[in-house]
>>> print(open('work.txt').read())   # compact mmCIF, C-alpha atoms
# COMPACT_ATOMS: atom_id res chain seq x y z
CA MET A 16 0.00 0.00 0.00
CA LEU A 17 1.74 3.13 -1.20
CA GLN A 18 0.18 6.52 -0.86
CA GLN A 19 1.34 9.95 -1.90
CA TYR A 20 0.64 12.98 0.23
CA VAL A 21 1.20 16.63 -0.39
CA LYS A 22 3.17 18.74 2.02
CA ILE A 23 0.96 21.18 3.86
CA VAL A 24 2.61 24.01 5.70
CA PRO A 25 0.38 26.19 7.86
CA ASN A 26 0.34 29.67 6.44
CA GLN A 27 0.73 31.14 9.91
CA LEU A 28 4.40 30.28 9.66
CA ARG A 29 6.29 32.82 7.63
CA ASP A 30 9.00 31.65 5.28
CA ASP A 31 11.77 33.02 7.46
CA VAL A 32 10.30 31.25 10.46
CA GLN A 33 10.10 28.04 8.50
CA ILE A 34 13.74 28.33 7.64
CA ARG A 35 14.63 29.26 11.17
CA MET A 36 12.43 26.81 12.98
CA GLY A 37 11.80 24.10 10.46
CA ARG A 38 8.52 22.93 9.10
CA ILE A 39 5.26 21.62 10.37
CA ARG A 40 4.24 18.95 7.95
CA TYR A 41 0.97 17.18 7.59
CA LEU A 42 1.56 13.68 8.90
CA PRO A 43 -0.39 11.09 6.94
CA ILE A 44 -0.10 8.62 9.80
CA ASP A 45 -0.98 8.74 13.48
CA PRO A 46 2.20 7.54 15.18
CA ARG A 47 2.22 6.19 18.71
CA HIS A 48 5.93 5.46 18.52
CA MET A 49 8.34 6.36 15.81
CA VAL A 50 12.03 6.09 15.05
CA TYR A 51 14.20 7.63 12.38
CA TRP A 52 16.43 5.44 10.26
CA ASP A 53 18.45 5.89 7.12
CA GLN A 54 17.70 2.33 5.97
CA PRO A 55 16.92 1.76 3.16
CA PHE A 56 16.50 5.54 2.74
CA PRO A 57 15.89 8.44 5.18
CA CYS A 58 12.58 7.55 6.74
CA ILE A 59 10.58 7.18 9.92
CA TYR A 60 9.29 3.82 11.05
CA ALA A 61 6.15 4.23 13.11
CA LEU A 62 3.70 2.10 14.98
CA THR A 63 0.23 3.48 14.52
CA SER A 64 -3.00 2.22 16.02
CA SER A 65 -3.22 -0.39 13.28
CA ASP A 66 0.08 -1.14 11.66
CA LEU A 67 3.80 -0.66 11.31
CA CYS A 68 4.52 1.77 8.55
CA ARG A 69 7.36 3.70 6.99
CA LEU A 70 7.28 7.38 6.07
CA ASN A 71 9.75 8.33 3.36
CA LEU A 72 11.07 11.71 4.46
CA ARG A 73 12.05 12.74 0.94
CA THR A 74 8.77 11.99 -0.79
CA LEU A 75 6.38 11.71 2.19
CA GLU A 76 5.17 8.40 0.79
CA VAL A 77 3.79 6.02 3.39
CA GLU A 78 4.22 2.29 3.12
CA SER A 79 2.26 -0.02 5.39
CA PHE A 80 3.78 -3.26 6.60
CA GLY A 81 0.56 -4.52 8.10
CA THR A 82 -0.39 -5.38 11.62
CA PRO A 83 2.37 -6.53 13.96
CA PRO A 84 2.08 -9.89 15.74
CA PHE A 85 1.09 -8.27 19.02
CA SER A 86 -1.99 -6.32 19.90
CA TYR A 87 -1.75 -2.60 19.79
CA SER A 88 -1.21 -0.74 23.03
CA TYR A 89 -0.03 2.80 23.36
CA ALA A 90 1.96 2.51 26.56
CA ARG A 91 3.14 -1.06 26.30
CA THR A 92 5.13 -0.79 23.12
CA ASN A 93 8.28 0.89 21.97
CA LEU A 94 10.33 0.94 18.80
CA PHE A 95 14.07 1.18 18.28
CA VAL A 96 16.66 0.74 15.61
CA LEU A 97 20.08 -0.46 16.72
CA PRO A 98 22.51 0.09 13.86
CA GLY A 99 25.36 -1.39 15.85
CA VAL A 100 23.57 -4.71 15.88
CA SER A 101 21.60 -4.88 12.68
CA THR A 102 21.33 -3.01 9.42
CA ARG A 103 17.92 -4.44 8.64
CA ASN A 104 15.89 -4.90 11.81
CA VAL A 105 13.49 -2.61 13.63
CA PHE A 106 13.13 -3.70 17.27
CA ALA A 107 9.72 -3.59 18.94
CA PHE A 108 9.31 -4.13 22.68
CA TYR A 109 5.91 -5.13 23.94
CA ALA A 110 4.74 -5.51 27.54
CA ASP A 111 2.60 -8.64 27.49
CA VAL A 112 0.42 -8.21 30.56
CA THR A 113 -1.18 -11.65 30.36
CA ALA A 114 2.16 -13.39 30.39
CA GLY A 115 3.89 -10.87 32.67
CA GLN A 116 6.74 -10.40 30.22
CA VAL A 117 8.42 -7.81 28.10
CA ARG A 118 8.66 -9.41 24.69
CA VAL A 119 11.07 -8.46 21.95
CA PHE A 120 10.24 -8.63 18.26
CA THR A 121 12.25 -7.63 15.25
CA PHE A 122 10.87 -6.62 11.89
CA ASP A 123 13.12 -7.38 8.94
CA ILE A 124 12.70 -4.44 6.59
CA TYR A 125 13.75 -6.48 3.56
CA ASP A 126 11.94 -9.78 4.17
CA GLN A 127 9.09 -7.82 5.80
CA THR A 128 8.59 -10.50 8.43
CA TRP A 129 8.54 -10.40 12.20
CA GLN A 130 10.44 -12.69 14.53
CA GLU A 131 10.45 -12.98 18.31
CA HIS A 132 13.47 -13.02 20.61
CA THR A 133 14.10 -13.72 24.26
CA ALA A 134 11.44 -12.30 26.57
CA ARG A 135 11.99 -10.94 30.06
CA ALA A 136 9.67 -11.78 32.97
CA ILE A 137 8.69 -8.69 34.95
CA ILE A 138 7.71 -8.47 38.60
CA ASP A 139 4.62 -6.33 38.16
CA ALA A 140 2.67 -7.88 35.31
CA SER A 141 0.54 -4.78 34.97
CA GLY A 142 3.58 -2.59 34.54
CA TYR A 143 3.86 -0.18 31.67
CA ILE A 144 6.81 0.51 29.45
CA HIS A 145 6.07 4.13 30.01
CA HIS A 146 9.25 5.28 28.42
CA SER A 147 12.43 3.53 27.45
CA CYS A 148 15.57 4.36 25.58
CA SER A 149 18.58 2.91 23.87
CA ASP A 150 22.21 3.80 23.59
CA GLY A 151 21.62 3.94 19.83
CA ASN A 152 23.91 1.01 19.30
CA ARG A 153 23.33 -2.16 21.28
CA PHE A 154 21.50 -1.73 24.57
CA VAL A 155 17.87 -0.91 25.20
CA TYR A 156 16.83 0.24 28.68
CA ILE A 157 13.28 -0.69 29.61
CA GLY A 158 11.77 1.05 32.62
CA ILE A 159 8.61 -0.41 34.09
CA GLN A 160 6.43 2.26 35.56
CA SER A 161 3.83 0.97 37.94
CA ALA A 162 5.73 -1.26 40.34
CA LYS A 163 7.42 0.39 43.26
CA PRO A 164 10.31 0.92 43.54
CA GLY A 165 10.09 0.26 39.81
CA GLU A 166 11.86 -2.11 37.51
CA LEU A 167 14.65 -1.40 35.10
CA TYR A 168 16.01 -3.89 32.60
CA ARG A 169 18.67 -3.74 29.95
CA TYR A 170 18.28 -5.73 26.76
CA ASP A 171 21.52 -6.58 24.98
CA ALA A 172 20.49 -6.86 21.35
CA ALA A 173 23.88 -8.19 20.28
CA ASP A 174 23.57 -11.11 22.67
CA ASP A 175 19.75 -11.40 22.84
CA SER A 176 19.96 -11.36 26.62
CA TRP A 177 18.59 -9.32 29.53
CA GLY A 178 20.13 -7.79 32.62
CA VAL A 179 18.48 -6.33 35.71
CA LEU A 180 19.51 -2.86 36.80
CA PRO A 181 18.75 -1.05 40.04
CA ALA A 182 15.58 0.96 39.78
CA GLU A 183 13.99 3.76 41.67
CA ASP A 184 10.43 4.94 41.72
CA LEU A 185 10.62 5.87 38.11
CA ARG A 186 8.13 6.21 35.34
CA GLY A 187 10.67 5.14 32.80
CA VAL A 188 13.95 6.23 31.36
CA ASP A 189 14.48 8.95 28.82
CA CYS A 190 17.95 8.75 27.38
CA VAL A 191 21.54 7.64 27.80
CA TRP A 192 24.07 10.44 27.95
CA ASP A 193 27.63 10.52 29.25
CA ASN A 194 27.34 6.93 30.55
CA LYS A 195 24.26 7.93 32.52
CA VAL A 196 20.72 6.64 32.11
CA PHE A 197 18.37 9.53 32.84
CA ALA A 198 15.05 8.78 34.46
CA SER A 199 11.91 10.32 33.08
CA VAL A 200 11.14 13.40 35.05
CA LEU A 201 7.67 14.14 36.25
CA TYR A 202 6.77 17.40 37.86
CA SER A 203 4.42 16.98 40.75
CA ALA A 204 0.92 18.09 39.87
CA ASN A 205 0.50 21.52 41.29
CA VAL A 206 -2.23 23.28 39.45
CA GLY A 207 -3.34 25.96 41.84
CA ALA A 208 0.07 26.54 43.35
CA THR A 209 1.25 30.10 43.36
CA GLU A 210 3.68 31.17 40.74
CA GLU A 211 6.28 31.74 43.41
CA GLU A 212 5.82 28.20 44.69
CA ARG A 213 6.08 26.79 41.21
CA MET A 214 9.21 28.67 40.34
CA SER A 215 10.96 27.83 43.59
CA ARG A 216 10.48 24.09 43.38
CA ASP A 217 13.45 21.84 43.72
CA ASP A 218 13.28 19.71 40.59
CA LYS A 219 16.16 17.30 40.62
CA ILE A 220 17.18 15.16 37.70
CA ARG A 221 18.02 11.58 38.63
CA TYR A 222 20.26 9.26 36.68
CA LEU A 223 21.70 5.78 36.91
CA ASP A 224 25.47 5.99 36.72
CA LEU A 225 26.45 3.07 34.50
CA SER A 226 30.00 3.10 35.81
CA ASP A 227 28.97 2.01 39.31
CA MET A 228 25.26 1.24 38.82
CA THR A 229 24.04 3.65 41.45
CA TRP A 230 21.38 6.35 41.21
CA LYS A 231 22.56 9.92 41.72
CA ASP A 232 21.36 13.48 41.43
CA PHE A 233 22.46 15.28 38.30
CA SER A 234 24.59 18.30 39.10
CA VAL A 235 22.07 20.64 37.51
CA ARG A 236 18.36 20.77 38.23
CA LEU A 237 15.63 20.88 35.65
CA PRO A 238 15.50 24.12 33.73
CA LYS A 239 12.95 26.60 34.98
CA PRO A 240 10.10 27.32 32.63
CA ARG A 241 9.37 30.97 32.19
CA CYS A 242 7.11 32.87 34.53
CA GLY A 243 3.43 32.22 34.05
CA TRP A 244 3.70 28.52 33.43
CA VAL A 245 1.18 26.40 35.22
CA TYR A 246 2.69 23.00 34.56
CA TYR A 247 -0.57 21.52 33.46
CA THR A 248 1.03 18.52 31.80
CA SER A 249 3.91 18.38 34.24
CA ARG A 250 6.39 16.59 32.08
CA ALA A 251 10.01 17.03 31.08
CA TRP A 252 11.62 14.91 28.40
CA LEU A 253 15.38 14.50 28.30
CA MET A 254 16.91 13.74 24.93
CA ASN A 255 20.41 12.88 23.80
CA ILE A 256 20.69 14.30 20.33
CA LYS A 257 24.03 13.67 18.70
CA GLY A 258 25.83 13.71 22.03
CA THR A 259 24.17 16.82 23.44
CA LEU A 260 21.59 16.70 26.19
CA TYR A 261 18.30 18.52 25.54
CA CYS A 262 15.19 18.95 27.64
CA LEU A 263 11.66 19.44 26.34
CA ILE A 264 9.23 20.68 28.95
CA THR A 265 5.55 20.60 28.23
CA GLY A 266 3.18 22.74 30.19
CA THR A 267 0.48 25.33 30.06
CA ASP A 268 1.04 29.01 29.63
CA LYS A 269 -1.56 31.55 30.65
CA THR A 270 0.39 34.64 29.79
CA ILE A 271 -0.29 34.80 26.08
CA HIS A 272 -4.03 35.25 26.03
CA GLY A 273 -4.80 36.44 29.50
CA GLN A 274 -6.73 33.81 31.40
CA GLU A 275 -6.97 31.40 28.51
CA TYR A 276 -4.64 28.49 29.11
CA GLU A 277 -2.55 27.42 26.19
CA GLN A 278 -0.31 24.42 25.79
CA ARG A 279 3.34 25.17 25.28
CA GLY A 280 6.55 23.30 24.81
CA MET A 281 9.94 24.69 25.71
CA LEU A 282 13.31 23.37 24.60
CA PHE A 283 16.54 23.67 26.54
CA LYS A 284 20.06 22.63 25.68
CA PHE A 285 22.55 21.53 28.31
CA ASP A 286 25.84 23.37 28.15
CA ALA A 287 28.24 20.87 29.70
CA ASP A 288 31.09 23.36 29.85
CA ARG A 289 29.12 25.94 31.83
CA ASN A 290 27.00 23.30 33.58
CA LYS A 291 23.72 25.06 32.84
CA TRP A 292 20.58 24.82 30.75
CA LEU A 293 20.26 27.24 27.86
CA PRO A 294 16.77 28.07 26.57
CA ILE A 295 16.25 27.62 22.85
CA ASP A 296 14.29 30.35 21.19
CA ILE A 297 11.46 28.69 19.33
CA HIS A 298 8.59 30.25 17.48
CA PRO A 299 5.29 30.36 19.47
CA GLN A 300 3.57 28.34 16.78
CA VAL A 301 6.15 25.59 17.04
CA SER A 302 6.01 25.84 20.82
CA ARG A 303 2.28 25.09 20.70
CA TYR A 304 2.87 22.06 18.52
CA LEU A 305 5.55 20.80 20.86
CA ALA A 306 3.17 20.83 23.79
CA SER A 307 1.83 17.31 23.45
CA GLN A 308 1.59 15.46 26.72
CA SER A 309 3.03 12.41 25.06
CA PRO A 310 5.07 13.44 22.08
CA CYS A 311 6.90 10.83 20.11
CA TYR A 312 10.19 12.14 18.88
CA THR A 313 13.22 10.99 16.99
CA PHE A 314 16.07 12.63 15.13
CA SER A 315 18.30 12.27 12.13
CA ASP A 316 21.71 13.79 11.48
CA THR A 317 20.01 17.01 10.46
CA HIS A 318 16.59 17.29 12.09
CA LEU A 319 14.63 16.66 15.24
CA TYR A 320 11.22 15.19 14.45
CA VAL A 321 8.35 15.42 16.88
CA GLY A 322 5.14 13.59 16.12
CA HIS A 323 2.00 14.87 17.69
CA LEU A 324 -0.41 12.79 19.70
CA GLN A 325 -2.83 15.21 21.24
CA SER A 326 -6.20 15.23 19.61
CA GLY A 327 -8.63 17.07 21.78
CA GLY A 328 -9.46 18.44 25.16
CA GLU A 329 -10.16 21.76 26.71
CA TYR A 330 -6.57 22.78 27.16
CA VAL A 331 -5.11 20.84 24.31
CA TRP A 332 -3.82 22.18 21.08
CA SER A 333 -5.72 20.12 18.57
CA HIS A 334 -3.51 19.02 15.74
CA ALA A 335 -3.33 15.28 15.94
CA ARG A 336 -1.51 14.70 12.73
CA ASP A 337 1.46 16.98 12.43
CA LEU A 338 5.13 16.29 12.18
CA ILE A 339 7.36 19.03 13.50
CA GLU A 340 10.68 19.07 11.75
CA ILE A 341 13.30 21.22 13.48
CA PRO A 342 16.77 21.59 11.99
CA LEU A 343 19.43 20.52 14.45
CA ALA A 344 21.38 23.60 13.42
CA VAL A 345 18.78 25.67 15.27
CA LEU A 346 19.39 23.67 18.43
CA GLU A 347 23.12 23.77 18.03
CA GLU A 348 23.06 27.57 17.74
CA ALA A 349 21.60 27.95 21.21
CA MET B 6 4.40 -22.64 1.23
CA ALA B 7 5.12 -25.03 -1.60
CA ASP B 8 8.27 -26.48 -0.07
CA LEU B 9 6.86 -26.72 3.44
CA GLU B 10 5.28 -29.72 5.07
CA ILE B 11 2.28 -28.32 6.93
CA LEU B 12 1.92 -29.93 10.34
CA SER B 13 -1.03 -27.86 11.53
CA GLU B 14 -2.75 -24.59 10.86
CA THR B 15 -5.18 -22.36 12.71
CA GLU B 16 -7.16 -19.44 11.34
CA VAL B 17 -8.30 -16.68 13.66
CA GLU B 18 -9.76 -13.21 13.34
CA ARG B 19 -7.94 -10.33 14.93
CA PRO B 20 -9.76 -7.54 16.76
CA ASN B 21 -9.41 -5.33 13.67
CA GLY B 22 -11.25 -7.92 11.57
CA GLU B 23 -8.14 -9.18 9.82
CA LYS B 24 -8.04 -12.93 9.33
CA VAL B 25 -4.68 -14.48 10.06
CA LYS B 26 -3.49 -18.04 9.77
CA THR B 27 -0.91 -19.55 12.10
CA VAL B 28 0.96 -22.46 10.61
CA ILE B 29 3.34 -25.00 12.10
CA ALA B 30 5.45 -26.37 9.29
CA LYS B 31 8.53 -28.44 8.64
CA GLU B 32 11.05 -26.99 6.25
CA PRO B 33 12.97 -29.20 3.78
CA SER B 34 15.91 -29.06 6.18
CA GLY B 35 13.76 -30.69 8.84
CA ARG B 36 13.50 -27.56 10.94
CA ILE B 37 10.11 -26.88 12.46
CA VAL B 38 8.97 -23.27 12.18
CA VAL B 39 5.95 -21.27 13.29
CA LEU B 40 4.56 -18.94 10.62
CA ALA B 41 1.74 -16.45 10.43
CA TYR B 42 -0.01 -15.28 7.28
CA ALA B 43 -2.32 -12.39 6.55
CA GLY B 44 -4.04 -13.60 3.41
CA GLU B 45 -1.27 -15.03 1.26
CA LYS B 46 1.41 -12.83 2.79
CA MET B 47 3.65 -14.29 5.45
CA PHE B 48 4.32 -11.61 8.06
CA PHE B 49 5.76 -13.67 10.89
CA ARG B 50 8.37 -16.41 10.84
CA GLN B 51 9.73 -17.95 14.03
CA PRO B 52 12.64 -20.32 13.34
CA HIS B 53 13.30 -21.32 16.96
CA ASP B 54 11.74 -21.24 20.38
CA PRO B 55 12.48 -17.77 21.79
CA ALA B 56 12.14 -19.05 25.33
CA THR B 57 15.00 -21.52 24.99
CA LYS B 58 16.71 -20.39 21.77
CA LYS B 59 16.55 -24.07 20.76
CA PRO B 60 14.91 -25.57 17.65
CA PHE B 61 11.20 -26.20 17.96
CA THR B 62 9.80 -29.63 18.59
CA GLN B 63 6.20 -30.22 17.56
CA LYS B 64 5.20 -29.84 21.19
CA THR B 65 7.04 -26.56 21.79
CA ALA B 66 5.91 -25.24 18.41
CA SER B 67 2.27 -25.98 19.28
CA LYS B 68 2.65 -24.25 22.61
CA TYR B 69 4.29 -21.23 21.02
CA ALA B 70 1.72 -21.04 18.21
CA ALA B 71 -1.11 -21.06 20.75
CA ASP B 72 0.55 -18.22 22.64
CA LEU B 73 1.06 -16.31 19.40
CA VAL B 74 -2.62 -16.65 18.59
CA ARG B 75 -3.44 -15.33 22.03
CA LEU B 76 -1.09 -12.39 21.53
CA MET B 77 -2.46 -11.56 18.09
CA THR B 78 -6.09 -11.75 19.10
CA GLU B 79 -6.02 -9.90 22.40
CA LYS B 80 -8.16 -6.83 22.28
CA PRO B 81 -6.10 -3.67 22.07
CA GLU B 82 -5.94 -1.63 25.19
CA PRO B 83 -7.94 1.57 24.94
CA LEU B 84 -6.01 4.79 24.66
CA PRO B 85 -5.70 6.93 27.75
CA PRO B 86 -8.58 9.43 27.77
CA PHE B 87 -6.35 12.35 26.91
CA LEU B 88 -5.28 10.66 23.69
CA GLU B 89 -8.70 9.67 22.45
CA GLY B 90 -9.79 11.63 19.46
>>> encode(input="work.txt", output="structure tokens")
Amino acid sequence: MLQQYVKIVPNQLRDDVQIRMGRIRYLPIDPRHMVYWDQPFPCIYALTSSDLCRLNLRTLEVESFGTPPFSYSYARTNLFVLPGVSTRNVFAFYADVTAGQVRVFTFDIYDQTWQEHTARAIIDASGYIHHSCSDGNRFVYIGIQSAKPGELYRYDAADDSWGVLPAEDLRGVDCVWDNKVFASVLYSANVGATEEERMSRDDKIRYLDLSDMTWKDFSVRLPKPRCGWVYYTSRAWLMNIKGTLYCLITGTDKTIHGQEYEQRGMLFKFDADRNKWLPIDIHPQVSRYLASQSPCYTFSDTHLYVGHLQSGGEYVWSHARDLIEIPLAVLEEA
Amino acid sequence: MADLEILSETEVERPNGEKVKTVIAKEPSGRIVVLAYAGEKMFFRQPHDPATKKPFTQKTASKYAADLVRLMTEKPEPLPPFLEG
């Protein structure tokens, strides 16, 4: 099934903004999880609510590979490519609640067939793979959300084997950077707190130090959103993009239109030399699109791609099918 | 499937209405594999037991195929309310 779609760029974005901030493209799929790969051409592999598909980033053609061998579940699945291990397999991790296992499947992009690998029994069968990450080469870190103090496993794709890592009360893990596995960061819900209270909070970033396998506080706290943020969605996403640590904070801003809450996303870059977060100046339109509570994102050598998931709600920016394409050069300039 | 010796096959309907067929077959080499087809298209091929990494026997292949059917036919979990659209 091959379909051709036309690029649609909202006219609210001026040409100079598009160049500066990248494009917002109509996304002909509804990705739950997606991952960039340059095999067999620059593309995004995505799990939608019905199938695994591939979006050609040059032509925007979408190719469907049909339904995977597991049932669809938003929070129980994740996709990775591991170029250090395979040049032809997309890895899909699936939390099988009935069997109390995290199961590993690979999809061969040439044979277009799935195969299963060694599963890992989990302690809390109802646990979610809320967020997980890979080192981009060989290891995939799977954090299980619901059990306390949490579960953290490492899948070695080169050896098809699992290891158990110490876990804290984590919702998942976001990225590997500088031999550290960063835990997903969740702001405590505090709608109704005063602005002063919100801005003075002590938001630590926790990481698992892979050199001694202990959890530690990162030397720098989460970046502070600007004044006026309400933290409606209360989520920060840490990303390792080409060796640099970035943070995407999603929240609600009430300063733009008076009392009308509006979803916003803010990007920060970690300056390792100065040990501080630097805000990245992004266009308000792009900021709104970045505000999804559960964005799926991936990146190539040249662009950060953020797929949108939000589709409705009183405080939600309603553009379910957009792909935000931000040039990495913009991030690197910060 | 021409060069396969079919040992058993099961057809089921997935929650999305798609009909899939799970097949236990013996390849010319003697290896037992578990396959799944959507129509005529094979989309799943399991050459060994993932639990043991050993070749399938008919018994382990049957057990695995039954589990695969269960996995493929489980109803998808509903989206969290904030993602419904």
>>> residues_around(input="work.txt", residues="Lys24 in chain B", least_positions_apart="3", cutoff="8 Å", atoms="all atoms listed in the file", output="VMD selection string")
chain B and resid 16 to 19 43 to 44
>>> atom_distance(input="work.txt", atom1="CA of Phe61 in chain B", atom2="CA of Arg75 in chain B")
18.7 Å
>>> closest_residue(input="work.txt", among="B:Gly35, B:Pro20, B:Pro81, B:Pro60", to="chain A", atoms="only C-alpha atoms")
B:Pro81
>>> residues_around(input="work.txt", residues="range 170-172 of chain A", least_positions_apart="5", cutoff="12 Å", atoms="only C-alpha atoms", output="ChimeraX atom specification")
/A:95-101,104-108,117-121,132-135,147-158,177-180
>>> interface_residues(input="work.txt", of="chain A", to="chain B", cutoff="6 Å", atoms="all atoms listed in the file", output="list in words")
Pro84, Phe85, Ser86, Tyr87, Ser88, Thr128, Trp129, Gln130, His132, Thr133, Gln325 and Ser326 of chain A
>>> atom_distance(input="work.txt", atom1="CA of Val321 in chain A", atom2="CA of Glu347 in chain A")
17.0 Å
>>> residues_around(input="work.txt", residues="Ile11 in chain B", least_positions_apart="6", cutoff="8 Å", atoms="all atoms listed in the file", output="tab-separated table (two decimals) with C-alpha atoms, keeping the file's coordinate frame")
chain	number	residue	atom	x	y	z
B	28	VAL	CA	0.96	-22.46	10.61
B	29	ILE	CA	3.34	-25.00	12.10
B	30	ALA	CA	5.45	-26.37	9.29
B	31	LYS	CA	8.53	-28.44	8.64
>>> atom_distance(input="work.txt", atom1="CA of Arg221 in chain A", atom2="CA of Asn290 in chain A")
15.6 Å
>>> closest_residue(input="work.txt", among="A:Thr74, A:Ser79, A:Thr259, A:Asn194", to="Lys284 in chain A", atoms="only C-alpha atoms")
A:Thr259
>>> residues_around(input="work.txt", residues="Asp66 in chain A", least_positions_apart="6", cutoff="8 Å", atoms="only C-alpha atoms", output="MDAnalysis selection string")
chainID A and resid 79:83
>>> closest_residue(input="work.txt", among="A:Ala90, A:Leu223, A:Leu319, A:Ala110", to="Val191 in chain A", atoms="all atoms listed in the file")
A:Leu223
>>> residues_around(input="work.txt", residues="Thr63 in chain A", least_positions_apart="2", cutoff="9 Å", atoms="all atoms listed in the file", output="JSON, numbers by chain")
{"A": [44, 45, 46, 47, 48, 49, 61, 65, 66, 67, 68, 87, 89]}
